[in-house]
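A short worksheet on the structure shown next.
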Amino acid sequence: MKLFLTPGACSLSPHIALREAGLQFDFEQVDLKTKQTKSGADYRKVNPKGSVPALQLDNGQVLTEGPAIVQYIADQKPASKLAPAAGTFERSRLQEWLNYNCSELHKMFGPLFNPATPADQQQATKAAIGAKFDFVNHSLEGKQFLLGDTFTVADGYLFVILTWAKHVGMDFSKWPALSSFFDRVVGRPAVQAAMKAEGLIK
């Protein structure tokens with residue numbers, strides 16, 4: 001398998017999942033502005049959407065969209081417990097969190113990464129994200145991870161979003177459960193390995 005990624009982007013989520021699952025894979029960086037891969041290829045020939053992540057399977061099939069990719073990865077190694085078994089209520093709960101991360105959190109960060117966004121709009125965006133974090137913080141109280149005591153692909157996705165929040169200067173002190181969650185996840189060996197491979201940490 002080959003994962004197409006951009007360092008620090010949402011593609012870090014499947015990168016973490018691949019390492020947590022212990023699967024063999026290669027990865028290649030993508031410049032999202034030029035749509036070129038690091039080897040100089042036209043990334044749009046891999047993923048016509050032009051966005052990351054994309055997972056190219058050994059049979060040539062290409063899977064896109066982070067929530068779909070991480071579930072596929074988890075299902076390749078059920079023993080990793082990165083996702084509950086398909087068809088169970090717990091699997092639906094995982095999908096609930098993946099959808100929340102994607103639709104309610106992930107997409108809100110766009111204005112914060114756009115230099116043209118006015119300061120007042122940036123502050124309003126951070127406030128709106130903070131309201132969502134209030135909910136996530138409450139959901140994590142008394143738990144290690146989103147689904148309980150087991151790390152899943154939903155936790156990897158949430159962690160990546162939290163790295164963006166830190167990058168734009170959001171203070172986690174008002175969300176102690178969320179802050180503890182971040183510290184717990186960032187210390188995982190697979191997370192460290194993925195971040196080092198992407199050049200995000202030394």
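In the structure tokens, the first chain shown is A, the next is B, and so on; residue numbers restart at 1 for each chain, and ligands run from 1 in the order shown.
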
What are the DSSP alpha helix (DSSP H) residues of region 25-188 of chain A, as a compact mmCIF listing (two decimals) with N, CA and C atoms, in the first residue's frame?
```txt
# COMPACT_ATOMS: atom_id res chain seq x y z
N GLY A 66 -10.65 10.45 4.39
CA GLY A 66 -10.05 9.95 5.61
C GLY A 66 -10.87 8.96 6.42
N PRO A 67 -12.15 9.26 6.73
CA PRO A 67 -12.93 8.32 7.54
C PRO A 67 -13.07 6.94 6.89
N ALA A 68 -13.18 6.91 5.56
CA ALA A 68 -13.26 5.62 4.86
C ALA A 68 -11.92 4.90 4.91
N ILE A 69 -10.84 5.65 4.71
CA ILE A 69 -9.51 5.04 4.69
C ILE A 69 -9.17 4.43 6.04
N VAL A 70 -9.41 5.16 7.13
CA VAL A 70 -9.00 4.64 8.44
C VAL A 70 -9.82 3.41 8.83
N GLN A 71 -11.08 3.34 8.42
CA GLN A 71 -11.86 2.13 8.71
C GLN A 71 -11.35 0.95 7.90
N TYR A 72 -10.97 1.21 6.65
CA TYR A 72 -10.40 0.14 5.83
C TYR A 72 -9.12 -0.39 6.48
N ILE A 73 -8.26 0.53 6.92
CA ILE A 73 -7.02 0.13 7.57
C ILE A 73 -7.31 -0.72 8.81
N ALA A 74 -8.22 -0.24 9.64
CA ALA A 74 -8.57 -0.96 10.87
C ALA A 74 -9.06 -2.37 10.57
N ASP A 75 -9.84 -2.51 9.51
CA ASP A 75 -10.41 -3.81 9.18
C ASP A 75 -9.38 -4.79 8.63
N GLN A 76 -8.22 -4.29 8.22
CA GLN A 76 -7.17 -5.19 7.76
C GLN A 76 -6.48 -5.89 8.92
N PHE A 89 -23.12 -2.26 17.22
CA PHE A 89 -23.50 -0.91 17.61
C PHE A 89 -22.26 -0.06 17.87
N GLU A 90 -21.24 -0.70 18.44
CA GLU A 90 -20.00 0.03 18.74
C GLU A 90 -19.37 0.58 17.46
N ARG A 91 -19.51 -0.16 16.34
CA ARG A 91 -18.97 0.34 15.07
C ARG A 91 -19.72 1.60 14.64
N SER A 92 -21.02 1.60 14.85
CA SER A 92 -21.81 2.80 14.54
C SER A 92 -21.39 3.97 15.42
N ARG A 93 -21.05 3.69 16.67
CA ARG A 93 -20.58 4.74 17.56
C ARG A 93 -19.25 5.31 17.05
N LEU A 94 -18.38 4.44 16.56
CA LEU A 94 -17.13 4.90 15.95
C LEU A 94 -17.41 5.81 14.76
N GLN A 95 -18.32 5.39 13.90
CA GLN A 95 -18.66 6.19 12.72
C GLN A 95 -19.28 7.52 13.12
N GLU A 96 -20.03 7.52 14.21
CA GLU A 96 -20.61 8.75 14.73
C GLU A 96 -19.50 9.75 15.05
N TRP A 97 -18.44 9.28 15.73
CA TRP A 97 -17.33 10.16 16.08
C TRP A 97 -16.51 10.57 14.85
N LEU A 98 -16.30 9.64 13.94
CA LEU A 98 -15.58 10.00 12.71
C LEU A 98 -16.32 11.09 11.94
N ASN A 99 -17.64 10.95 11.86
CA ASN A 99 -18.44 11.95 11.16
C ASN A 99 -18.41 13.29 11.89
N TYR A 100 -18.46 13.26 13.20
CA TYR A 100 -18.41 14.50 13.97
C TYR A 100 -17.06 15.20 13.77
N ALA A 119 -9.00 39.26 11.21
CA ALA A 119 -8.77 38.88 12.61
C ALA A 119 -10.06 38.61 13.36
N ASP A 120 -11.09 39.44 13.13
CA ASP A 120 -12.34 39.24 13.86
C ASP A 120 -13.01 37.93 13.46
N GLN A 121 -12.88 37.56 12.18
CA GLN A 121 -13.46 36.29 11.73
C GLN A 121 -12.68 35.12 12.31
N GLN A 122 -11.37 35.28 12.42
CA GLN A 122 -10.56 34.22 13.02
C GLN A 122 -10.97 34.00 14.47
N GLN A 123 -11.19 35.08 15.20
CA GLN A 123 -11.60 34.95 16.60
C GLN A 123 -12.97 34.30 16.71
N ALA A 124 -13.87 34.66 15.82
CA ALA A 124 -15.21 34.06 15.82
C ALA A 124 -15.13 32.57 15.52
N THR A 125 -14.24 32.22 14.60
CA THR A 125 -14.07 30.80 14.24
C THR A 125 -13.52 30.02 15.43
N LYS A 126 -12.53 30.59 16.12
CA LYS A 126 -11.97 29.91 17.29
C LYS A 126 -13.03 29.74 18.38
N ALA A 127 -13.88 30.74 18.54
CA ALA A 127 -14.94 30.64 19.54
C ALA A 127 -15.92 29.52 19.18
N ALA A 128 -16.23 29.41 17.90
CA ALA A 128 -17.15 28.36 17.45
C ALA A 128 -16.53 26.97 17.64
N ILE A 129 -15.24 26.86 17.34
CA ILE A 129 -14.55 25.59 17.56
C ILE A 129 -14.52 25.27 19.05
N GLY A 130 -14.28 26.31 19.86
CA GLY A 130 -14.26 26.12 21.31
C GLY A 130 -15.56 25.56 21.85
N ALA A 131 -16.66 25.98 21.28
CA ALA A 131 -17.96 25.45 21.71
C ALA A 131 -18.07 23.97 21.39
N LYS A 132 -17.51 23.55 20.27
CA LYS A 132 -17.48 22.13 19.91
C LYS A 132 -16.56 21.37 20.86
N PHE A 133 -15.44 22.00 21.21
CA PHE A 133 -14.50 21.36 22.13
C PHE A 133 -15.12 21.18 23.51
N ASP A 134 -16.03 22.08 23.90
CA ASP A 134 -16.74 21.91 25.17
C ASP A 134 -17.44 20.55 25.18
N PHE A 135 -18.10 20.23 24.09
CA PHE A 135 -18.82 18.96 23.97
C PHE A 135 -17.86 17.78 24.01
N VAL A 136 -16.76 17.87 23.24
CA VAL A 136 -15.80 16.75 23.19
C VAL A 136 -15.16 16.56 24.56
N ASN A 137 -14.81 17.66 25.22
CA ASN A 137 -14.21 17.57 26.54
C ASN A 137 -15.15 16.85 27.52
N HIS A 138 -16.42 17.22 27.49
CA HIS A 138 -17.40 16.57 28.35
C HIS A 138 -17.51 15.08 28.01
N SER A 139 -17.46 14.76 26.73
CA SER A 139 -17.57 13.36 26.30
C SER A 139 -16.38 12.52 26.76
N LEU A 140 -15.23 13.16 26.94
CA LEU A 140 -14.02 12.44 27.33
C LEU A 140 -13.86 12.31 28.84
N VAL A 153 -9.42 4.53 15.59
CA VAL A 153 -9.09 5.48 14.52
C VAL A 153 -9.78 6.83 14.72
N ALA A 154 -10.88 6.85 15.46
CA ALA A 154 -11.54 8.14 15.75
C ALA A 154 -10.65 9.00 16.64
N ASP A 155 -9.92 8.37 17.53
CA ASP A 155 -9.00 9.10 18.41
C ASP A 155 -7.83 9.68 17.61
N GLY A 156 -7.33 8.91 16.65
CA GLY A 156 -6.26 9.41 15.81
C GLY A 156 -6.68 10.64 15.03
N TYR A 157 -7.89 10.61 14.53
CA TYR A 157 -8.42 11.75 13.77
C TYR A 157 -8.58 12.97 14.67
N LEU A 158 -9.17 12.76 15.84
CA LEU A 158 -9.34 13.88 16.78
C LEU A 158 -7.99 14.47 17.16
N PHE A 159 -7.01 13.62 17.40
CA PHE A 159 -5.68 14.10 17.77
C PHE A 159 -5.12 15.04 16.70
N VAL A 160 -5.25 14.66 15.43
CA VAL A 160 -4.73 15.50 14.35
C VAL A 160 -5.40 16.87 14.37
N ILE A 161 -6.70 16.90 14.57
CA ILE A 161 -7.42 18.17 14.65
C ILE A 161 -6.91 19.01 15.82
N LEU A 162 -6.61 18.36 16.92
CA LEU A 162 -6.09 19.08 18.08
C LEU A 162 -4.71 19.67 17.81
N THR A 163 -3.91 19.00 16.99
CA THR A 163 -2.61 19.59 16.64
C THR A 163 -2.81 20.89 15.87
N TRP A 164 -3.85 20.95 15.07
CA TRP A 164 -4.15 22.20 14.34
C TRP A 164 -4.55 23.28 15.33
N ALA A 165 -5.36 22.91 16.31
CA ALA A 165 -5.81 23.90 17.30
C ALA A 165 -4.62 24.48 18.05
N LYS A 166 -3.68 23.64 18.40
CA LYS A 166 -2.47 24.13 19.07
C LYS A 166 -1.67 25.03 18.12
N HIS A 167 -1.62 24.65 16.85
CA HIS A 167 -0.86 25.42 15.86
C HIS A 167 -1.39 26.84 15.71
N PRO A 176 -9.70 20.32 30.38
CA PRO A 176 -8.72 19.41 30.99
C PRO A 176 -8.78 17.98 30.46
N ALA A 177 -9.98 17.48 30.18
CA ALA A 177 -10.08 16.12 29.65
C ALA A 177 -9.50 16.04 28.24
N LEU A 178 -9.74 17.09 27.47
CA LEU A 178 -9.20 17.15 26.11
C LEU A 178 -7.69 17.28 26.14
N SER A 179 -7.19 18.09 27.06
CA SER A 179 -5.75 18.27 27.20
C SER A 179 -5.07 16.97 27.60
N SER A 180 -5.67 16.24 28.54
CA SER A 180 -5.12 14.96 28.97
C SER A 180 -5.14 13.95 27.83
N PHE A 181 -6.22 13.98 27.06
CA PHE A 181 -6.33 13.10 25.90
C PHE A 181 -5.19 13.37 24.92
N PHE A 182 -4.94 14.64 24.63
CA PHE A 182 -3.86 15.00 23.70
C PHE A 182 -2.53 14.46 24.20
N ASP A 183 -2.24 14.66 25.47
CA ASP A 183 -0.97 14.20 26.03
C ASP A 183 -0.86 12.68 25.97
N ARG A 184 -1.98 12.01 26.19
CA ARG A 184 -1.99 10.55 26.16
C ARG A 184 -1.69 10.04 24.75
N VAL A 185 -2.31 10.66 23.76
CA VAL A 185 -2.17 10.19 22.38
C VAL A 185 -0.80 10.55 21.80
N VAL A 186 -0.33 11.76 22.08
CA VAL A 186 0.94 12.19 21.48
C VAL A 186 2.10 11.31 21.95
```

*Enumerate, as JSON, numbers by chain, the complete set of residues in region 26-90 of chain A that a backbone-based DSSP assignment places in strand (DSSP E).*
{"A": [26, 27, 28, 29, 30, 31, 36, 37, 54, 55, 56, 62, 63, 64]}

_For a quick check of understanding, using only C-alpha atoms, which of A:Met108, A:Ala17, A:Ser80, A:Met1 has the smallest distance to Gly60 (chain A)?_
A:Met1

Using only C-alpha atoms, find each residue in region 41-111 of chain A having at least one atom no more than 8 Å away from region 20-35 of chain A; report its shortest atom-to-atom pair and that distance in Å (one decimal), rows by chain then rising number, as a Markdown table.
```
| residue | atom | partner | partner_atom | distance |
| --- | --- | --- | --- | --- |
| A:Asp42 | CA | A:Lys35 | CA | 6.3 |
| A:Tyr43 | CA | A:Lys35 | CA | 5.4 |
| A:Arg44 | CA | A:Lys35 | CA | 6.6 |
| A:Gly50 | CA | A:Lys35 | CA | 6.3 |
| A:Ser51 | CA | A:Leu32 | CA | 6.8 |
| A:Val52 | CA | A:Val30 | CA | 7.7 |
| A:Ile73 | CA | A:Ala21 | CA | 7.4 |
| A:Ala74 | CA | A:Ala21 | CA | 6.8 |
| A:Lys77 | CA | A:Ala21 | CA | 6.1 |
| A:Ser80 | CA | A:Ala21 | CA | 5.7 |
| A:Leu82 | CA | A:Ala21 | CA | 7.5 |
```

_Separation of CA of Ile201 (chain A) from CA of Ala41 (chain A) in Å_ = 26.8 Å

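Distance-wise, CA of Gly87 (chain A) and CA of Lys107 (chain A) end up 27.8 Å apart.
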
*Between CA of Leu105 (chain A) and CA of Arg19 (chain A), what is the spacing in Å?*
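Pair CA of Arg19 (chain A) / CA of Leu105 (chain A) returns 23.8 Å.
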
*Identify which of the residues A:Thr150, A:Gln56, A:Ser39, A:Ser11 lies closest to His106 (chain A), counting only C-alpha atoms when measuring atom-to-atom distances.*
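Smallest distance to His106 (chain A) is found for A:Ser11.
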